[in-house]
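The next block is structure32.pdb, given as PDB, C-alpha atoms.
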```
ATOM      1  CA  MET A   1     221.299-111.591  90.120
ATOM      2  CA  LEU A   2     223.052-111.086  86.855
ATOM      3  CA  LEU A   3     222.867-107.440  85.847
ATOM      4  CA  SER A   4     224.508-105.247  83.234
ATOM      5  CA  TYR A   5     225.210-101.542  83.038
ATOM      6  CA  THR A   6     227.126 -99.519  80.502
ATOM      7  CA  THR A   7     230.064 -97.883  82.228
ATOM      8  CA  ILE A   8     233.829 -98.016  82.791
ATOM      9  CA  GLN A   9     234.900 -96.700  79.413
ATOM     10  CA  LYS A  10     238.443 -95.985  80.628
ATOM     11  CA  CYS A  11     238.981 -99.653  81.469
ATOM     12  CA  GLY A  12     237.336-100.984  78.355
ATOM     13  CA  ILE A  13     234.587-102.371  80.552
ATOM     14  CA  SER A  14     231.253-101.168  79.277
ATOM     15  CA  ASN A  15     228.643-103.126  81.192
ATOM     16  CA  LEU A  16     228.077-104.574  84.643
ATOM     17  CA  VAL A  17     225.888-107.446  85.701
ATOM     18  CA  SER A  18     224.814-108.814  89.150
ATOM     19  CA  ARG A  19     223.618-111.767  91.297
ATOM     20  CA  ARG A  20     221.471-111.822  94.432
ATOM     21  CA  GLY A  21     222.384-112.883  97.862
ATOM     22  CA  PHE A  22     222.553-115.548 100.481
ATOM     23  CA  PHE A  23     219.098-117.006  99.990
ATOM     24  CA  GLN A  24     218.790-116.499  96.279
ATOM     25  CA  LYS A  25     221.650-115.695  93.981
ATOM     26  CA  HIS A  26     220.521-113.679  90.980
ATOM     27  CA  TYR A  27     222.284-112.258  87.963
ATOM     28  CA  LYS A  28     221.188-109.005  86.376
ATOM     29  CA  ASN A  29     222.593-106.436  84.010
ATOM     30  CA  LEU A  30     223.439-102.890  85.066
ATOM     31  CA  THR A  31     222.057-100.197  82.776
ATOM     32  CA  ASN A  32     223.606 -96.786  83.526
ATOM     33  CA  PRO A  33     225.708 -95.559  80.579
ATOM     34  CA  LYS A  34     227.734 -92.898  82.400
ATOM     35  CA  LEU A  35     231.478 -93.150  83.035
ATOM     36  CA  LEU A  36     232.523 -95.060  86.113
ATOM     37  CA  ASN A  37     233.188 -93.006  89.227
ATOM     38  CA  GLY A  38     234.530 -95.085  92.089
ATOM     39  CA  SER A  39     234.856 -98.841  92.174
ATOM     40  CA  VAL A  40     233.028-101.348  90.018
ATOM     41  CA  ASP A  41     231.637-102.935  93.190
ATOM     42  CA  HIS A  42     230.164 -99.581  94.187
ATOM     43  CA  GLN A  43     228.578 -99.201  90.758
ATOM     44  CA  CYS A  44     226.937-102.614  91.173
ATOM     45  CA  PHE A  45     225.603-101.496  94.547
ATOM     46  CA  LEU A  46     224.305 -98.156  93.210
ATOM     47  CA  GLN A  47     222.542 -99.746  90.253
ATOM     48  CA  ALA A  48     220.873-102.316  92.510
ATOM     49  CA  GLN A  49     219.879 -99.668  95.037
ATOM     50  CA  ALA A  50     218.369 -97.535  92.254
ATOM     51  CA  ILE A  51     215.790-100.255  91.554
ATOM     52  CA  GLY A  52     215.112-100.993  95.226
ATOM     53  CA  LEU A  53     217.363-103.985  95.879
ATOM     54  CA  LYS A  54     218.876-103.862  99.358
ATOM     55  CA  GLY A  55     221.676-106.429  99.446
ATOM     56  CA  THR A  56     225.412-105.995  98.916
ATOM     57  CA  PHE A  57     226.524-106.322  95.304
ATOM     58  CA  ARG A  58     230.025-107.156  94.054
ATOM     59  CA  ALA A  59     231.484-107.236  90.562
ATOM     60  CA  PHE A  60     231.916-110.726  89.079
ATOM     61  CA  LEU A  61     235.632-110.033  88.580
ATOM     62  CA  SER A  62     238.895-111.152  90.042
ATOM     63  CA  SER A  63     240.706-108.151  91.457
ATOM     64  CA  GLN A  64     244.131-107.296  92.775
ATOM     65  CA  LEU A  65     242.970-108.218  96.286
ATOM     66  CA  GLN A  66     240.443-111.008  95.733
ATOM     67  CA  ASP A  67     239.877-114.035  93.542
ATOM     68  CA  LEU A  68     236.482-114.249  91.857
ATOM     69  CA  TYR A  69     235.752-117.546  93.621
ATOM     70  CA  SER A  70     236.008-115.973  97.094
ATOM     71  CA  ILE A  71     233.452-113.193  96.481
ATOM     72  CA  VAL A  72     230.822-115.472  98.022
ATOM     73  CA  ARG A  73     231.474-116.644 101.562
ATOM     74  CA  GLN A  74     232.463-120.269 101.991
ATOM     75  CA  ASN A  75     229.362-121.229 103.980
ATOM     76  CA  ASN A  76     227.096-119.949 101.157
ATOM     77  CA  ARG A  77     228.812-121.508  98.146
ATOM     78  CA  GLU A  78     226.847-124.759  98.053
ATOM     79  CA  LEU A  79     223.541-123.787  99.636
ATOM     80  CA  LEU A  80     221.558-121.855  97.071
ATOM     81  CA  PRO A  81     220.938-121.863  93.346
ATOM     82  CA  ILE A  82     222.146-119.035  91.121
ATOM     83  CA  VAL A  83     219.088-117.571  89.408
ATOM     84  CA  ASN A  84     218.335-114.691  87.050
ATOM     85  CA  LEU A  85     215.908-111.826  87.585
ATOM     86  CA  GLN A  86     213.034-114.119  86.560
ATOM     87  CA  ASP A  87     214.127-116.716  89.169
ATOM     88  CA  GLU A  88     215.242-119.119  86.442
ATOM     89  CA  GLU A  89     218.183-121.254  87.555
ATOM     90  CA  LEU A  90     221.497-120.480  85.853
ATOM     91  CA  PHE A  91     223.594-122.746  88.132
ATOM     92  CA  SER A  92     222.735-125.175  90.918
ATOM     93  CA  ASN A  93     225.023-123.207  93.286
ATOM     94  CA  TRP A  94     228.109-120.960  93.383
ATOM     95  CA  GLU A  95     230.497-123.953  93.434
ATOM     96  CA  SER A  96     229.061-125.295  90.171
ATOM     97  CA  ILE A  97     230.254-122.209  88.268
ATOM     98  CA  PHE A  98     233.848-123.238  89.030
ATOM     99  CA  SER A  99     233.469-126.986  88.448
ATOM    100  CA  GLY A 100     235.708-127.107  85.353
ATOM    101  CA  SER A 101     232.958-126.498  82.775
ATOM    102  CA  GLU A 102     234.108-122.914  82.070
ATOM    103  CA  GLY A 103     231.025-121.669  83.898
ATOM    104  CA  LYS A 104     228.537-123.165  81.429
ATOM    105  CA  MET A 105     225.083-121.799  82.266
ATOM    106  CA  ASN A 106     221.938-123.919  82.078
ATOM    107  CA  ASP A 107     220.488-123.941  78.561
ATOM    108  CA  ASN A 108     217.822-121.442  77.526
ATOM    109  CA  VAL A 109     218.239-119.251  80.620
ATOM    110  CA  ARG A 110     218.797-115.535  80.079
ATOM    111  CA  ILE A 111     220.575-112.749  81.909
ATOM    112  CA  TYR A 112     218.547-109.575  82.393
ATOM    113  CA  SER A 113     219.489-105.969  83.046
ATOM    114  CA  PHE A 114     218.405-104.190  86.202
ATOM    115  CA  ASP A 115     215.659-102.664  84.074
ATOM    116  CA  GLY A 116     214.574-106.099  82.817
ATOM    117  CA  ARG A 117     216.144-106.199  79.341
ATOM    118  CA  ASP A 118     217.610-109.464  78.014
ATOM    119  CA  ILE A 119     221.266-108.618  77.367
ATOM    120  CA  LEU A 120     221.604-111.260  74.659
ATOM    121  CA  ASP A 121     218.713-109.810  72.649
ATOM    122  CA  ASP A 122     219.206-106.102  73.335
ATOM    123  CA  ASP A 123     221.386-103.949  71.046
ATOM    124  CA  ALA A 124     222.511-101.865  74.046
ATOM    125  CA  TRP A 125     225.094-104.627  74.530
ATOM    126  CA  PRO A 126     226.566-105.204  71.042
ATOM    127  CA  GLU A 127     229.436-107.351  72.365
ATOM    128  CA  LYS A 128     227.990-110.401  74.106
ATOM    129  CA  MET A 129     231.226-110.954  76.004
ATOM    130  CA  VAL A 130     231.799-110.742  79.751
ATOM    131  CA  TRP A 131     235.026-109.798  81.574
ATOM    132  CA  HIS A 132     236.115-111.966  84.521
ATOM    133  CA  GLY A 133     239.939-111.955  84.785
ATOM    134  CA  SER A 134     239.949-115.449  86.268
ATOM    135  CA  SER A 135     240.909-119.050  85.687
ATOM    136  CA  THR A 136     238.100-121.593  85.330
ATOM    137  CA  GLN A 137     238.501-122.246  89.076
ATOM    138  CA  GLY A 138     237.975-118.543  89.884
ATOM    139  CA  SER A 139     241.586-117.617  90.676
ATOM    140  CA  ARG A 140     242.804-114.253  89.389
ATOM    141  CA  GLN A 141     244.896-114.290  86.217
ATOM    142  CA  THR A 142     247.367-111.529  87.049
ATOM    143  CA  ASP A 143     248.542-111.340  83.436
ATOM    144  CA  SER A 144     244.940-111.171  82.134
ATOM    145  CA  TYR A 145     242.950-108.698  84.168
ATOM    146  CA  CYS A 146     243.720-105.399  82.440
ATOM    147  CA  GLU A 147     246.312-104.293  84.997
ATOM    148  CA  THR A 148     243.761-104.667  87.821
ATOM    149  CA  TRP A 149     241.035-103.212  85.551
ATOM    150  CA  ARG A 150     242.808 -99.866  85.299
ATOM    151  CA  THR A 151     243.795 -99.719  81.626
ATOM    152  CA  GLY A 152     242.000 -99.527  78.322
ATOM    153  CA  SER A 153     245.075-100.437  76.270
ATOM    154  CA  HIS A 154     244.628-102.861  73.395
ATOM    155  CA  ALA A 155     248.179-104.125  74.069
ATOM    156  CA  VAL A 156     247.149-105.396  77.527
ATOM    157  CA  THR A 157     244.712-108.291  77.903
ATOM    158  CA  GLY A 158     241.901-109.344  80.197
ATOM    159  CA  MET A 159     240.240-112.735  80.432
ATOM    160  CA  ALA A 160     236.746-112.814  78.924
ATOM    161  CA  SER A 161     233.969-115.250  78.074
ATOM    162  CA  SER A 162     231.160-115.476  75.523
ATOM    163  CA  LEU A 163     227.651-115.094  76.912
ATOM    164  CA  GLN A 164     226.289-115.957  73.481
ATOM    165  CA  GLU A 165     227.839-119.395  73.862
ATOM    166  CA  GLY A 166     226.453-119.643  77.417
ATOM    167  CA  TYR A 167     229.719-119.417  79.392
ATOM    168  CA  LEU A 168     230.920-117.166  82.208
ATOM    169  CA  LEU A 169     234.520-118.425  82.525
ATOM    170  CA  GLN A 170     235.859-119.248  79.071
ATOM    171  CA  GLN A 171     239.558-118.501  78.791
ATOM    172  CA  LEU A 172     239.479-115.927  75.979
ATOM    173  CA  PRO A 173     242.167-113.232  76.348
ATOM    174  CA  ARG A 174     241.005-109.935  74.816
ATOM    175  CA  GLY A 175     242.509-106.475  74.498
ATOM    176  CA  CYS A 176     241.491-104.184  77.341
ATOM    177  CA  SER A 177     240.177-101.585  74.895
ATOM    178  CA  SER A 178     237.183-103.896  74.321
ATOM    179  CA  SER A 179     233.867-102.814  75.828
ATOM    180  CA  PHE A 180     232.491-105.961  77.411
ATOM    181  CA  ILE A 181     229.924-106.771  80.076
ATOM    182  CA  VAL A 182     230.858-107.061  83.745
ATOM    183  CA  LEU A 183     228.656-109.218  85.950
ATOM    184  CA  CYS A 184     227.750-108.297  89.526
ATOM    185  CA  ILE A 185     226.863-110.592  92.364
ATOM    186  CA  GLU A 186     224.660-109.952  95.373
ATOM    187  CA  ASN A 187     226.649-111.549  98.137
ATOM    188  CA  SER A 188     224.515-110.490 101.071
ATOM    189  CA  TYR A 189     220.756-110.637 101.130
ATOM    190  CA  ILE A 190     218.385-108.360 102.989
ATOM    191  CA  ALA A 191     214.786-109.549 102.983
ATOM    192  CA  GLU A 192     212.506-107.069 101.226
TER     193      GLU A 192
END
```
As structure tokens:
Amino acid sequence: MLLSYTTIQKCGISNLVSRRGFFQKHYKNLTNPKLLNGSVDHQCFLQAQAIGLKGTFRAFLSSQLQDLYSIVRQNNRELLPIVNLQDEELFSNWESIFSGSEGKMNDNVRIYSFDGRDILDDDAWPEKMVWHGSSTQGSRQTDSYCETWRTGSHAVTGMASSLQEGYLLQQLPRGCSSSFIVLCIENSYIAE
């Protein structure tokens, strides 16, 4: 699920978003506006748990230890569609996000917050940009991921993309003081 939450002020990251698991991949938007305590992955998990989702959620970000592409296990990358909270298909599968199209989502499909708000229409997310810190193939960009997402300096950059234009992996370097959305992915599914 693609989810968004308002958090991580110190890193310039203001929102998180998520995707659901092995059988269905969803994106949602995390909604909690408090400062981040702990890892971004843990915040994705807590926001999902707060609304009753039981899978494991990871931030849609390259990190110091892991490329964005490898967040989903190899045997699950081609099996299932990526859908939003309304079960509308954003991508045919995980692999298709990294197919060289800058992560172009299917037309007229929205990303919703954990509480069901459309992040493109809601003023809670004034910047319709998403952080990812990756190349179009999902490899980490070590010079463009805000010093492993630990700085809010305008002089340092992170790789971002425009949700308004319908992309998750555009190569748009932005100052780390920007408050953008962070997507989360459910990479393990527990049947409800």
Go through region 101-136 of chain A residue by residue and, counting all atoms listed in the file, keep those with an atom at most 12 Å from region 39-59 of chain A; for each kept residue give the shortest atom pair and its distance in Å to one decimal, ordered by chain and increasing number, as a Markdown table.
```
| residue | atom | partner | partner_atom | distance |
| --- | --- | --- | --- | --- |
| A:Ser113 | CA | A:Gln47 | CA | 10.0 |
| A:Phe114 | CA | A:Ala48 | CA | 7.0 |
| A:Asp115 | CA | A:Ile51 | CA | 7.9 |
| A:Gly116 | CA | A:Ile51 | CA | 10.6 |
| A:Val130 | CA | A:Ala59 | CA | 11.4 |
| A:Trp131 | CA | A:Ala59 | CA | 10.0 |
| A:His132 | CA | A:Ala59 | CA | 9.0 |
| A:Gly133 | CA | A:Ala59 | CA | 11.3 |
```
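One distance worth recording is that between CA of Ala160 (chain A) and CA of Met105 (chain A), which is 15.1 Å.
CA of Gly138 (chain A) to CA of Gln64 (chain A) spans 13.1 Å [interatomic distance, one decimal].
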- Note on the structure: Closest of A:Gln137, A:Leu80, A:Gln164, A:Leu61 to Ser101 (chain A), counting only C-alpha atoms, is A:Gln137
- Task: Choose the residue, out of A:Leu169, A:Leu79, A:Met129, A:Ile119, that has the smallest atom-to-atom separation from Gln141 (chain A); count only C-alpha atoms.
- Result: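 Counting only C-alpha atoms, the residue closest to Gln141 (chain A) is A:Leu169.
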- Task: Would you work out the distance separating CA of Glu102 (chain A) from CA of Leu68 (chain A), expressed in Å to one decimal?
- Result: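 Computing the Euclidean distance for CA of Glu102 (chain A) and CA of Leu68 (chain A) yields 13.3 Å.
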Could you give me the centre and size, in Å to one decimal, of an axis-aligned box around all listed atoms of region 149-165 of chain A with 8 Å added on every side, as AutoDock Vina command-line options?
```
--center_x 237.2 --center_y -109.5 --center_z 79.5 --size_x 37.9 --size_y 35.9 --size_z 28.2
```
- Query: What lies within 12 Å of Asp143 (chain A) using only C-alpha atoms, ignoring chain neighbours under 6 positions off, as a PyMOL selection string?
  - Reply: chain A and resi 62-64+133-135+149+155-159+173-176
- Message: Under the rule that all atoms listed in the file are counted, which of A:Asp122, A:Glu186, A:His154, A:Tyr167 is the nearest residue to Ile82 (chain A)?
- Response: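 Using all atoms listed in the file, the shortest distance to Ile82 (chain A) belongs to A:Glu186.
Residue nearest Lys104 (chain A), chosen from A:Gly152, A:Leu85, A:Ser162, A:Asp121 and counting all atoms listed in the file: A:Ser162.
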- Message: Ranking A:Leu65, A:Leu168, A:Phe60, A:Phe98 by minimum distance to Thr142 (chain A) and counting only C-alpha atoms, which one comes first?
- Response: A:Leu65
- Best match for closeness to Ser99 (chain A) among A:Gln66, A:Thr136, A:Asn76, A:Asp118, counting only C-alpha atoms: A:Thr136
Residues near Glu95 (chain A), cut-off 9 Å, only C-alpha atoms, skip fewer than 6 positions along chain, as a PDB file with C-alpha atoms, in the frame of the given file:
```
ATOM      1  CA  TYR A  69     235.752-117.546  93.621  1.00  0.00           C
ATOM      2  CA  ARG A  77     228.812-121.508  98.146  1.00  0.00           C
ATOM      3  CA  GLU A  78     226.847-124.759  98.053  1.00  0.00           C
TER       4      GLU A  78
END
```
